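Asker: Structure supplied as query-v1.cif; contents: mmCIF, C-alpha atoms and all ligand atoms.
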data_run
loop_
_atom_site.label_atom_id
_atom_site.label_comp_id
_atom_site.auth_asym_id
_atom_site.auth_seq_id
_atom_site.Cartn_x
_atom_site.Cartn_y
_atom_site.Cartn_z
CA MET A 1180 -12.97 -18.91 4.71
CA SER A 1181 -14.44 -17.76 1.44
CA ILE A 1182 -14.79 -14.03 0.91
CA ASP A 1183 -18.21 -12.53 0.23
CA ARG A 1184 -17.54 -8.84 0.86
CA VAL A 1185 -14.74 -6.30 0.60
CA PRO A 1186 -15.03 -2.76 1.98
CA PHE A 1187 -13.83 0.16 -0.11
CA ILE A 1188 -11.60 1.02 2.80
CA THR A 1189 -11.16 -0.16 6.35
CA LEU A 1190 -9.00 1.51 8.96
CA ASN A 1191 -8.73 -1.24 11.53
CA ARG A 1192 -5.99 -3.51 10.16
CA PHE A 1193 -3.46 -2.44 12.74
CA GLU A 1194 -0.09 -4.14 13.08
CA SER A 1195 0.13 -6.45 16.05
CA GLY A 1196 0.82 -4.48 19.23
CA PHE A 1197 -0.06 -1.14 17.59
CA LYS A 1198 -3.27 -0.45 19.52
CA LYS A 1199 -1.67 -1.39 22.82
CA GLN A 1200 1.28 0.90 22.18
CA PHE A 1201 -1.05 3.76 21.27
CA LEU A 1202 -3.27 3.29 24.33
CA SER A 1203 -0.34 3.15 26.70
CA GLY A 1204 1.07 6.28 25.02
CA VAL A 1205 -2.27 8.03 25.55
CA ALA A 1206 -2.19 7.03 29.25
CA GLU A 1207 1.25 8.61 29.54
CA LEU A 1208 0.07 11.83 27.87
CA VAL A 1209 -2.87 12.00 30.28
CA ASP A 1210 -0.64 11.34 33.29
CA ASN A 1211 1.60 14.21 32.13
CA THR A 1212 -1.45 16.37 31.13
CA GLN A 1213 0.26 16.84 27.78
CA PHE A 1214 -2.87 17.71 25.83
CA VAL A 1215 -1.61 20.41 23.46
CA GLY A 1216 1.89 20.57 21.96
CA GLY A 1217 4.77 18.81 23.71
CA PRO A 1218 7.31 16.20 22.66
CA GLN A 1219 4.99 14.08 20.46
CA VAL A 1220 4.31 17.10 18.24
CA ALA A 1221 7.98 18.09 18.08
CA THR A 1222 9.04 14.53 17.27
CA LEU A 1223 6.40 14.24 14.55
CA GLU A 1224 7.45 17.47 12.85
CA GLN A 1225 11.07 16.38 12.91
CA LYS A 1226 10.30 12.90 11.50
CA LEU A 1227 8.14 14.38 8.75
CA ALA A 1228 10.92 16.80 7.80
CA GLU A 1229 13.41 13.91 7.61
CA MET A 1230 11.08 11.77 5.50
CA SER A 1231 9.97 14.48 3.11
CA HIS A 1232 13.32 16.30 2.93
CA ALA A 1233 11.55 19.59 3.65
CA LYS A 1234 13.54 21.91 5.92
CA HIS A 1235 10.47 22.96 7.92
CA VAL A 1236 7.28 21.13 8.84
CA VAL A 1237 4.45 22.70 10.82
CA GLY A 1238 1.70 20.43 12.14
CA CYS A 1239 -1.84 21.82 12.11
CA ALA A 1240 -5.43 20.80 12.76
CA ASN A 1241 -6.38 19.34 9.34
CA GLY A 1242 -5.54 19.38 5.64
CA THR A 1243 -8.02 22.14 4.80
CA ASP A 1244 -6.52 24.50 7.37
CA ALA A 1245 -3.09 23.57 6.05
CA ILE A 1246 -3.99 24.97 2.59
CA GLN A 1247 -5.49 28.13 4.10
CA ILE A 1248 -2.43 28.68 6.27
CA ALA A 1249 -0.14 27.97 3.31
CA LEU A 1250 -1.95 30.50 1.11
CA ARG A 1251 -1.69 33.18 3.78
CA ALA A 1252 1.87 32.34 4.81
CA ALA A 1253 2.97 32.48 1.18
CA GLY A 1254 1.55 36.01 0.96
CA VAL A 1255 -1.87 35.68 -0.70
CA GLU A 1256 -4.10 38.60 0.27
CA LYS A 1257 -7.81 39.33 0.13
CA ASP A 1258 -9.37 39.52 -3.34
CA GLN A 1259 -6.35 38.16 -5.18
CA VAL A 1260 -6.97 35.61 -7.91
CA VAL A 1261 -6.00 32.01 -7.11
CA LEU A 1262 -6.08 29.19 -9.68
CA LEU A 1263 -7.11 25.68 -8.63
CA PRO A 1264 -7.86 22.48 -10.55
CA ASP A 1265 -11.43 21.74 -11.57
CA MET A 1266 -10.85 18.14 -10.41
CA THR A 1267 -10.01 18.03 -6.71
CA PHE A 1268 -11.74 17.62 -3.36
CA TRP A 1269 -13.97 20.56 -2.43
CA ALA A 1270 -11.64 21.49 0.48
CA THR A 1271 -9.20 23.05 -2.03
CA PHE A 1272 -11.92 25.41 -3.25
CA GLU A 1273 -13.04 26.18 0.31
CA ALA A 1274 -9.49 26.96 1.40
CA VAL A 1275 -9.00 29.48 -1.41
CA VAL A 1276 -12.27 31.25 -0.55
CA ASN A 1277 -11.70 31.12 3.22
CA ALA A 1278 -8.24 32.64 2.77
CA GLY A 1279 -9.91 35.57 0.97
CA GLY A 1280 -8.79 34.56 -2.53
CA ILE A 1281 -10.91 34.71 -5.68
CA PRO A 1282 -11.04 31.22 -7.21
CA VAL A 1283 -10.58 30.43 -10.89
CA THR A 1284 -10.90 26.76 -11.80
CA VAL A 1285 -8.57 25.33 -14.43
CA ASP A 1286 -9.26 22.04 -16.15
CA VAL A 1287 -7.03 18.99 -15.84
CA ASN A 1288 -5.56 16.78 -18.55
CA ARG A 1289 -7.95 13.96 -19.46
CA ASP A 1290 -5.19 11.32 -19.54
CA THR A 1291 -3.20 12.25 -16.43
CA CYS A 1292 -6.15 13.68 -14.43
CA HIS A 1293 -3.79 16.48 -13.32
CA TRP A 1294 -2.81 19.93 -14.52
CA ASP A 1295 -0.55 20.03 -17.55
CA ILE A 1296 1.92 22.79 -18.29
CA ASN A 1297 0.13 24.09 -21.41
CA THR A 1298 -3.18 24.66 -19.66
CA PHE A 1299 -1.39 26.11 -16.65
CA LYS A 1300 0.43 28.62 -18.90
CA GLN A 1301 -2.85 29.52 -20.60
CA ALA A 1302 -4.50 30.13 -17.21
CA VAL A 1303 -1.62 32.26 -15.91
CA ASP A 1304 -1.58 34.35 -19.09
CA GLU A 1305 -5.35 34.80 -19.12
CA TYR A 1306 -6.06 35.40 -15.42
CA LYS A 1307 -2.77 36.87 -14.08
CA PRO A 1308 -3.27 35.14 -10.70
CA ARG A 1309 -1.39 35.95 -7.50
CA ALA A 1310 -1.26 32.27 -6.61
CA ALA A 1311 -2.19 28.79 -7.76
CA VAL A 1312 -2.93 25.58 -5.88
CA LEU A 1313 -1.48 22.60 -7.70
CA VAL A 1314 -3.28 19.49 -6.42
CA HIS A 1315 -1.69 16.04 -6.54
CA LEU A 1316 -4.60 13.61 -6.57
CA TYR A 1317 -4.92 9.83 -6.12
CA GLY A 1318 -1.48 9.52 -4.51
CA TRP A 1319 0.00 10.55 -7.87
CA ALA A 1320 1.48 13.90 -8.81
CA SER A 1321 1.19 16.08 -11.86
CA PRO A 1322 3.84 14.78 -14.29
CA ASP A 1323 4.46 18.46 -15.15
CA THR A 1324 5.15 19.45 -11.54
CA SER A 1325 8.64 20.68 -12.25
CA ALA A 1326 7.59 22.72 -15.33
CA ILE A 1327 4.63 24.20 -13.43
CA ARG A 1328 6.90 25.19 -10.52
CA SER A 1329 9.34 26.90 -12.89
CA TYR A 1330 6.61 28.73 -14.84
CA ALA A 1331 4.94 29.88 -11.62
CA ALA A 1332 8.25 31.18 -10.21
CA ALA A 1333 9.14 32.96 -13.46
CA ASN A 1334 5.73 34.69 -13.52
CA ASP A 1335 5.57 35.67 -9.84
CA VAL A 1336 2.74 33.24 -9.11
CA LEU A 1337 2.88 31.82 -5.58
CA LEU A 1338 2.54 28.07 -6.00
CA ILE A 1339 0.95 26.13 -3.16
CA GLU A 1340 0.82 22.35 -3.56
CA ASP A 1341 -2.11 20.48 -2.03
CA GLY A 1342 -0.56 17.12 -1.26
CA ALA A 1343 -3.38 15.88 0.98
CA GLN A 1344 -3.29 12.56 -0.89
CA CYS A 1345 0.38 12.33 -1.81
CA PHE A 1346 2.35 11.65 1.36
CA GLY A 1347 5.36 9.57 0.22
CA THR A 1348 4.83 10.22 -3.51
CA LEU A 1349 7.90 10.99 -5.63
CA CYS A 1350 8.10 13.05 -8.81
CA ASP A 1351 11.31 13.05 -10.87
CA ASP A 1352 12.81 10.83 -8.13
CA ASP A 1353 12.21 13.45 -5.44
CA SER A 1354 9.72 13.93 -2.64
CA VAL A 1355 6.78 16.04 -3.85
CA LEU A 1356 6.12 17.54 -0.43
CA GLY A 1357 9.77 18.39 0.21
CA ASN A 1358 10.44 20.21 -3.03
CA ALA A 1359 7.56 22.64 -3.22
CA LEU A 1360 7.70 26.32 -2.32
CA ILE A 1361 5.04 25.33 0.16
CA ALA A 1362 3.07 22.07 0.26
CA THR A 1363 0.39 20.70 2.52
CA THR A 1364 -0.94 17.32 3.51
CA SER A 1365 -3.87 15.81 5.38
CA PHE A 1366 -3.69 13.14 8.05
CA TYR A 1367 -7.43 12.46 7.90
CA PRO A 1368 -7.70 8.84 9.10
CA ALA A 1369 -8.34 7.44 5.60
CA LYS A 1370 -5.15 8.92 4.14
CA VAL A 1371 -2.03 6.76 3.64
CA LEU A 1372 -0.64 8.28 6.82
CA GLY A 1373 -3.81 8.72 8.83
CA ALA A 1374 -4.16 10.02 12.37
CA SER A 1375 -6.54 9.03 15.17
CA GLY A 1376 -8.57 12.15 14.32
CA ASP A 1377 -8.17 15.19 12.10
CA ALA A 1378 -4.67 16.55 11.52
CA GLY A 1379 -2.55 18.07 8.77
CA ALA A 1380 0.84 19.63 8.05
CA ILE A 1381 2.61 22.31 6.03
CA PHE A 1382 6.00 21.67 4.38
CA THR A 1383 8.40 24.35 3.18
CA ASN A 1384 12.08 25.09 2.70
CA ASP A 1385 11.54 28.80 3.33
CA GLU A 1386 12.20 29.85 6.91
CA ASP A 1387 10.02 32.98 6.81
CA ILE A 1388 7.06 31.10 5.37
CA ALA A 1389 7.47 28.43 8.05
CA LYS A 1390 7.55 31.06 10.79
CA THR A 1391 4.41 32.77 9.51
CA ALA A 1392 2.62 29.43 9.12
CA ARG A 1393 3.45 28.50 12.71
CA THR A 1394 2.26 31.89 13.95
CA LEU A 1395 -1.00 31.71 11.96
CA CYS A 1396 -1.93 28.32 13.43
CA ASN A 1397 -1.39 29.58 16.94
CA HIS A 1398 -3.57 32.72 17.17
CA GLY A 1399 -1.02 34.87 15.37
CA ARG A 1400 1.09 34.81 18.54
CA SER A 1401 4.45 36.54 18.73
CA ASP A 1402 4.51 35.54 22.39
CA HIS A 1403 1.82 34.23 24.71
CA TYR A 1404 -0.30 37.42 24.90
CA SER A 1405 1.13 39.38 21.97
CA HIS A 1406 -0.41 38.83 18.57
CA GLY A 1407 1.42 39.97 15.48
CA LEU A 1408 -1.10 38.45 13.08
CA VAL A 1409 -4.74 37.48 13.03
CA GLY A 1410 -4.60 33.72 12.74
CA TRP A 1411 -6.75 31.15 14.47
CA ASN A 1412 -6.35 27.97 16.49
CA SER A 1413 -5.21 25.25 14.14
CA ARG A 1414 -2.76 23.40 16.37
CA ILE A 1415 -2.22 19.69 15.85
CA GLY A 1416 -3.31 17.50 18.78
CA SER A 1417 -0.87 15.48 20.85
CA TYR A 1418 -2.88 12.22 20.70
CA GLU A 1419 -2.97 12.53 16.91
CA SER A 1420 0.77 13.21 16.86
CA LEU A 1421 1.44 10.15 19.00
CA PHE A 1422 -0.68 7.99 16.65
CA LEU A 1423 1.16 9.41 13.63
CA ASN A 1424 4.57 8.82 15.22
CA LEU A 1425 3.68 5.18 15.84
CA SER A 1426 2.22 4.85 12.33
CA LEU A 1427 5.40 6.18 10.76
CA GLU A 1428 7.21 3.10 12.09
CA HIS A 1429 5.03 1.02 9.73
CA ILE A 1430 4.62 3.40 6.84
CA GLU A 1431 6.80 1.44 4.43
CA ALA A 1432 4.83 -1.79 4.93
CA ARG A 1433 1.52 0.05 4.65
CA LEU A 1434 2.49 1.76 1.39
CA ALA A 1435 3.93 -1.47 -0.02
CA SER A 1436 0.69 -3.32 0.65
CA ARG A 1437 -1.41 -0.59 -1.02
CA LEU A 1438 0.91 -0.52 -4.02
CA ALA A 1439 0.76 -4.29 -4.33
CA ALA A 1440 -3.05 -4.06 -4.43
CA VAL A 1441 -2.99 -1.47 -7.20
CA GLU A 1442 -0.46 -3.57 -9.12
CA TYR A 1443 -2.63 -6.68 -8.77
CA TYR A 1444 -5.65 -4.91 -10.24
CA ARG A 1445 -3.47 -3.57 -13.03
CA GLU A 1446 -2.18 -7.01 -13.94
CA GLN A 1447 -5.45 -8.87 -13.58
CA LEU A 1448 -7.99 -6.43 -14.97
CA VAL A 1449 -6.95 -6.47 -18.61
CA ASP A 1450 -8.86 -7.04 -21.86
CA ILE A 1451 -12.10 -5.74 -20.37
CA PRO A 1452 -13.87 -2.39 -20.86
CA LEU A 1453 -12.35 -1.07 -17.61
CA LYS A 1454 -8.82 0.27 -17.50
CA VAL A 1455 -6.80 0.49 -14.32
CA VAL A 1456 -4.86 3.72 -14.77
CA THR A 1457 -1.34 4.30 -13.60
CA SER A 1458 0.48 7.47 -12.68
CA SER A 1459 2.88 8.92 -15.24
CA ASP A 1460 6.38 7.50 -15.82
CA ASN A 1461 8.16 10.22 -13.82
CA VAL A 1462 5.86 9.76 -10.81
CA GLU A 1463 6.14 7.06 -8.12
CA GLU A 1464 2.71 6.83 -6.54
CA ASN A 1465 1.98 5.93 -2.91
CA GLY A 1466 -0.96 3.55 -3.44
CA TYR A 1467 -3.51 5.95 -1.94
CA CYS A 1468 -6.18 4.66 -4.28
CA ALA A 1469 -6.81 2.33 -7.18
CA VAL A 1470 -8.07 4.36 -10.11
CA ALA A 1471 -9.90 2.79 -13.02
CA MET A 1472 -11.67 4.42 -15.96
CA ILE A 1473 -14.74 3.10 -17.70
CA ASP A 1474 -17.11 4.37 -20.38
CA PRO A 1475 -19.56 6.50 -18.35
CA GLU A 1476 -22.45 4.60 -19.99
CA LEU A 1477 -21.14 1.32 -18.57
CA ARG A 1478 -20.36 2.56 -15.06
CA PRO A 1479 -23.81 2.32 -13.43
CA GLU A 1480 -24.19 -1.39 -14.29
CA LEU A 1481 -20.73 -2.25 -12.98
CA ILE A 1482 -21.51 -0.33 -9.79
CA SER A 1483 -24.71 -2.40 -9.39
CA THR A 1484 -22.68 -5.59 -9.75
CA LEU A 1485 -20.21 -4.41 -7.11
CA GLN A 1486 -23.04 -3.46 -4.77
CA SER A 1487 -24.69 -6.88 -5.20
CA ALA A 1488 -21.35 -8.55 -4.39
CA ASN A 1489 -20.88 -6.35 -1.28
CA ILE A 1490 -17.81 -4.69 -2.73
CA GLY A 1491 -17.19 -1.08 -1.80
CA TYR A 1492 -16.14 1.40 -4.47
CA GLY A 1493 -15.47 5.10 -4.90
CA THR A 1494 -15.97 7.75 -7.58
CA ILE A 1495 -13.26 10.21 -6.64
CA TYR A 1496 -14.64 12.75 -7.38
CA PRO A 1497 -18.19 12.62 -8.73
CA GLY A 1498 -18.36 16.29 -9.77
CA ALA A 1499 -16.10 19.07 -11.04
CA MET A 1500 -15.51 22.01 -8.68
CA SER A 1501 -16.90 24.61 -11.08
CA ARG A 1502 -20.18 22.68 -11.19
CA GLN A 1503 -20.73 22.65 -7.41
CA GLN A 1504 -23.66 24.71 -6.18
CA GLY A 1505 -21.43 26.40 -3.61
CA ALA A 1506 -18.99 27.58 -6.28
CA ALA A 1507 -21.36 29.84 -8.20
CA SER A 1508 -21.14 33.00 -6.14
CA PHE A 1509 -17.34 32.87 -5.74
CA LEU A 1510 -16.05 31.66 -9.11
CA LYS A 1511 -14.36 34.45 -11.04
CA GLY A 1512 -13.62 32.43 -14.16
CA LYS A 1513 -12.71 29.01 -15.47
CA ILE A 1514 -10.87 27.14 -18.14
CA ASP A 1515 -13.10 24.22 -18.97
CA PHE A 1516 -12.46 21.65 -21.69
CA GLY A 1517 -14.97 19.24 -20.14
CA ASN A 1518 -12.17 16.96 -18.89
CA ALA A 1519 -12.90 17.18 -15.15
CA ASP A 1520 -16.56 16.64 -15.95
CA PHE A 1521 -15.71 13.58 -18.06
CA ILE A 1522 -13.38 12.11 -15.41
CA SER A 1523 -16.06 12.57 -12.74
CA LYS A 1524 -18.39 10.34 -14.79
CA ALA A 1525 -15.77 7.79 -15.91
CA VAL A 1526 -13.72 7.21 -12.75
CA LEU A 1527 -14.22 4.16 -10.57
CA ASN A 1528 -12.07 3.42 -7.53
CA LEU A 1529 -11.70 -0.16 -6.36
CA PRO A 1530 -11.04 -1.25 -2.75
CA CYS A 1531 -7.55 -0.27 -1.64
CA PHE A 1532 -6.23 -0.07 1.90
CA ALA A 1533 -3.26 -1.17 3.94
CA TYR A 1534 -3.14 -4.96 4.45
CA VAL A 1535 -5.98 -5.80 2.06
CA THR A 1536 -5.60 -9.56 1.55
CA GLU A 1537 -4.94 -11.50 -1.64
CA ALA A 1538 -8.28 -13.28 -1.18
CA GLU A 1539 -10.09 -9.94 -1.01
CA LEU A 1540 -8.34 -8.65 -4.11
CA ASP A 1541 -9.08 -11.89 -5.91
CA TYR A 1542 -12.78 -11.60 -5.02
CA VAL A 1543 -12.89 -8.08 -6.49
CA VAL A 1544 -11.06 -9.16 -9.65
CA ARG A 1545 -13.31 -12.21 -10.18
CA THR A 1546 -16.43 -10.10 -9.68
CA VAL A 1547 -15.33 -7.39 -12.12
CA ARG A 1548 -14.13 -9.89 -14.74
CA SER A 1549 -17.27 -11.98 -14.59
CA HIS A 1550 -19.40 -8.83 -14.95
CA PHE A 1551 -17.98 -8.37 -18.46
CA ASN A 1552 -17.97 -12.07 -19.48
C1 LIG A 1601 -7.11 16.90 -2.25
C2 LIG A 1601 -7.53 17.21 -0.85
N1 LIG A 1601 -7.37 18.45 -0.36
C3 LIG A 1601 -7.72 18.77 0.89
C4 LIG A 1601 -8.25 17.84 1.75
C5 LIG A 1601 -8.68 18.27 3.10
O1 LIG A 1601 -8.08 17.60 4.15
P1 LIG A 1601 -8.81 17.47 5.57
O2 LIG A 1601 -9.96 16.54 5.41
O3 LIG A 1601 -7.75 16.93 6.47
O4 LIG A 1601 -9.24 18.84 5.96
C6 LIG A 1601 -8.44 16.53 1.31
C7 LIG A 1601 -9.00 15.52 2.21
O5 LIG A 1601 -9.73 14.66 1.89
C8 LIG A 1601 -8.07 16.21 -0.03
O6 LIG A 1601 -8.24 14.96 -0.49
#
Can you dump the structure from the file as structure tokens?
Ligand SMILES: Cc1ncc(COP(=O)(O)O)c(C=O)c1O

Answerer:
Amino acid sequence: MSIDRVPFITLNRFESGFKKQFLSGVAELVDNTQFVGGPQVATLEQKLAEMSHAKHVVGCANGTDAIQIALRAAGVEKDQVVLLPDMTFWATFEAVVNAGGIPVTVDVNRDTCHWDINTFKQAVDEYKPRAAVLVHLYGWASPDTSAIRSYAAANDVLLIEDGAQCFGTLCDDDSVLGNALIATTSFYPAKVLGASGDAGAIFTNDEDIAKTARTLCNHGRSDHYSHGLVGWNSRIGSYESLFLNLSLEHIEARLASRLAAVEYYREQLVDIPLKVVTSSDNVEENGYCAVAMIDPELRPELISTLQSANIGYGTIYPGAMSRQQGAASFLKGKIDFGNADFISKAVLNLPCFAYVTEAELDYVVRTVRSHFN
């Protein structure tokens, strides 16, 4: 069958037997009225700790809550300055504001699309922040992760790592999520490890931070009707945990198929005015998305071609954080070299999802190549 459309992402390429296993697991949870907490949640947290090499993992309701909980559990208090990248998803900005922090956006490196150590140092020296949220985008990680961690620790800056997109990503041969002071991820269904609804998690090697995080996501409880902290309800669901536990059995195949797609684009889309960008040498990406860069002047026409060929695409993300309307009344300052703004106009994401077929990839490649010929 010849291909005439490829979605940007589809979530329904389940392994054979997966849906059946999930539905029978749901029936069991209902029979046992195990709606909140229980063995699926405990098993998930344990598996995630094993995979990421973090000592403690706390499941929570979503990736945005995870950042808010992480900021508070790490010790960030009201009206303290928190740095965040100018290129990220808006949830990072929201989390800083919702946790009571005062956001300062810091530009990313134009080549790596992530923070670099020099700009991070400049921001710490200029703004003396209490904390910073290092974001690892695109399933990559900042190549300067280790230097940023060291500089933050030496300058008493609490470093929270937003790894919503980087489950399974390695930096310097080590798990990003497992080596942070405190890191977070999202299990939004479109992530590499997606749940059957919203979910997220917090990863740390610090026992006190883990304890506080767990307390914050459960109404600040010290026991059932005693509340040592003001938290909220951000517990992870048991159906979502079941879905994630079953998904973890296939995670290697899912990541391998995404990575193969990115590699195919990289090999095939050469000698044209569109460059498929790779993560840095010391980073092993997870295939979350295929990132290409194009002259911003040429992007609209290529997008029209993709639309006419029924090919989905993304522009992750189409605007810098400091330029969002909602940022104006909260932003305390920024370091802006125009890089996030440039990336937002130059980035183009091609279809990438688990079990995308060779025929689909070939259709995308032929369409893009013929656009420029
Ligand atoms: C970088 C980043 N941070 C935070 C989030 C928020 O996660 P969630 O949608 O689970 O709240 C996302 C999700 O898209 C994200 O990509």

Asker: Would you name the residues within 8 Å of ligand LIG 1601 (chain A), counting only C-alpha atoms and all ligand atoms, and put them as a short mmCIF file (atom, residue, chain, number, x, y, z; two decimals) with C-alpha atoms, in the coordinates of the input?

Answerer:
data_model
loop_
_atom_site.label_atom_id
_atom_site.label_comp_id
_atom_site.auth_asym_id
_atom_site.auth_seq_id
_atom_site.Cartn_x
_atom_site.Cartn_y
_atom_site.Cartn_z
CA ALA A 1240 -5.43 20.80 12.76
CA ASN A 1241 -6.38 19.34 9.34
CA GLY A 1242 -5.54 19.38 5.64
CA THR A 1243 -8.02 22.14 4.80
CA ASP A 1244 -6.52 24.50 7.37
CA ALA A 1245 -3.09 23.57 6.05
CA ILE A 1246 -3.99 24.97 2.59
CA THR A 1267 -10.01 18.03 -6.71
CA PHE A 1268 -11.74 17.62 -3.36
CA TRP A 1269 -13.97 20.56 -2.43
CA ALA A 1270 -11.64 21.49 0.48
CA THR A 1271 -9.20 23.05 -2.03
CA VAL A 1314 -3.28 19.49 -6.42
CA HIS A 1315 -1.69 16.04 -6.54
CA LEU A 1316 -4.60 13.61 -6.57
CA ASP A 1341 -2.11 20.48 -2.03
CA GLY A 1342 -0.56 17.12 -1.26
CA ALA A 1343 -3.38 15.88 0.98
CA GLN A 1344 -3.29 12.56 -0.89
CA THR A 1364 -0.94 17.32 3.51
CA SER A 1365 -3.87 15.81 5.38
CA PHE A 1366 -3.69 13.14 8.05
CA TYR A 1367 -7.43 12.46 7.90
CA LYS A 1370 -5.15 8.92 4.14
CA ASP A 1377 -8.17 15.19 12.10
CA ALA A 1378 -4.67 16.55 11.52
CA GLY A 1379 -2.55 18.07 8.77
#

Asker: Env of A:Asn1424: 6 Å cut, atoms = only C-alpha atoms, seq-sep filter 3 positions within chain, self excluded. Answer as a list in words.

Answerer: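 Near neighbours after the sequence-gap exclusion: Leu1223, Leu1421 and Leu1427 of chain A.
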
Asker: Please provide the set of residues having any atom within 12 Å of A:Gly1196, restricted to all atoms listed in the file, with same-chain residues fewer than 6 positions apart removed, written as an MDAnalysis selection string.

Answerer: chainID A and resid 1202:1203 1425:1426 1429

Asker: Write out, as an mmCIF file, in the frame of the given file, the residues just selected, with C-alpha atoms.

Answerer:
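Output below, filename result.cif:
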data_model
loop_
_atom_site.group_PDB
_atom_site.id
_atom_site.type_symbol
_atom_site.label_atom_id
_atom_site.label_comp_id
_atom_site.auth_asym_id
_atom_site.auth_seq_id
_atom_site.Cartn_x
_atom_site.Cartn_y
_atom_site.Cartn_z
ATOM 1 C CA LEU A 1202 -3.270 3.290 24.330
ATOM 2 C CA SER A 1203 -0.340 3.150 26.700
ATOM 3 C CA LEU A 1425 3.680 5.180 15.840
ATOM 4 C CA SER A 1426 2.220 4.850 12.330
ATOM 5 C CA HIS A 1429 5.030 1.020 9.730
#

Asker: Of the candidates A:Arg1414, A:Lys1234, A:Arg1545, A:Arg1251, which one gets nearest to A:Asn1397 if we count all atoms listed in the file?

Answerer: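 Once distances to A:Asn1397 are computed over all atoms listed in the file, the minimum belongs to A:Arg1414.
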
Asker: Please report the interatomic distance between atom CA of A:Pro1452 and atom CA of A:Asn1288 in Å with one decimal.

Answerer: 21.0 Å

Asker: Just the residues within 10 Å of A:Ala1499, please, counting only C-alpha atoms, with nothing from its chain fewer than 4 positions along; format it as a list in words.

Answerer: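 So the residues in contact are Pro1264, Asp1265, Met1266, Thr1267, Phe1268, Trp1269, Thr1284, Asp1286, Gln1503, Asp1515, Gly1517, Asn1518, Ala1519, Asp1520, Phe1521, Ile1522, Ser1523 and Lys1524 of chain A.
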
Asker: Atom CA of A:Ala1389 and atom CA of A:Glu1419, how far apart in Å?

Answerer: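 Computing it gives 21.0 Å between the two atoms.
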
Asker: Can you work out which one of A:Gln1301, A:Ser1231, A:Gln1247, A:Ser1420 has the shortest atom-to-atom distance to A:Asp1353, counting all atoms listed in the file?

Answerer: A:Ser1231

Asker: In Å, with one decimal, what is the gap from atom CA of A:Val1276 to atom CA of A:Asn1412?

Answerer: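 Rounded to one decimal, the two atoms are 18.3 Å apart.
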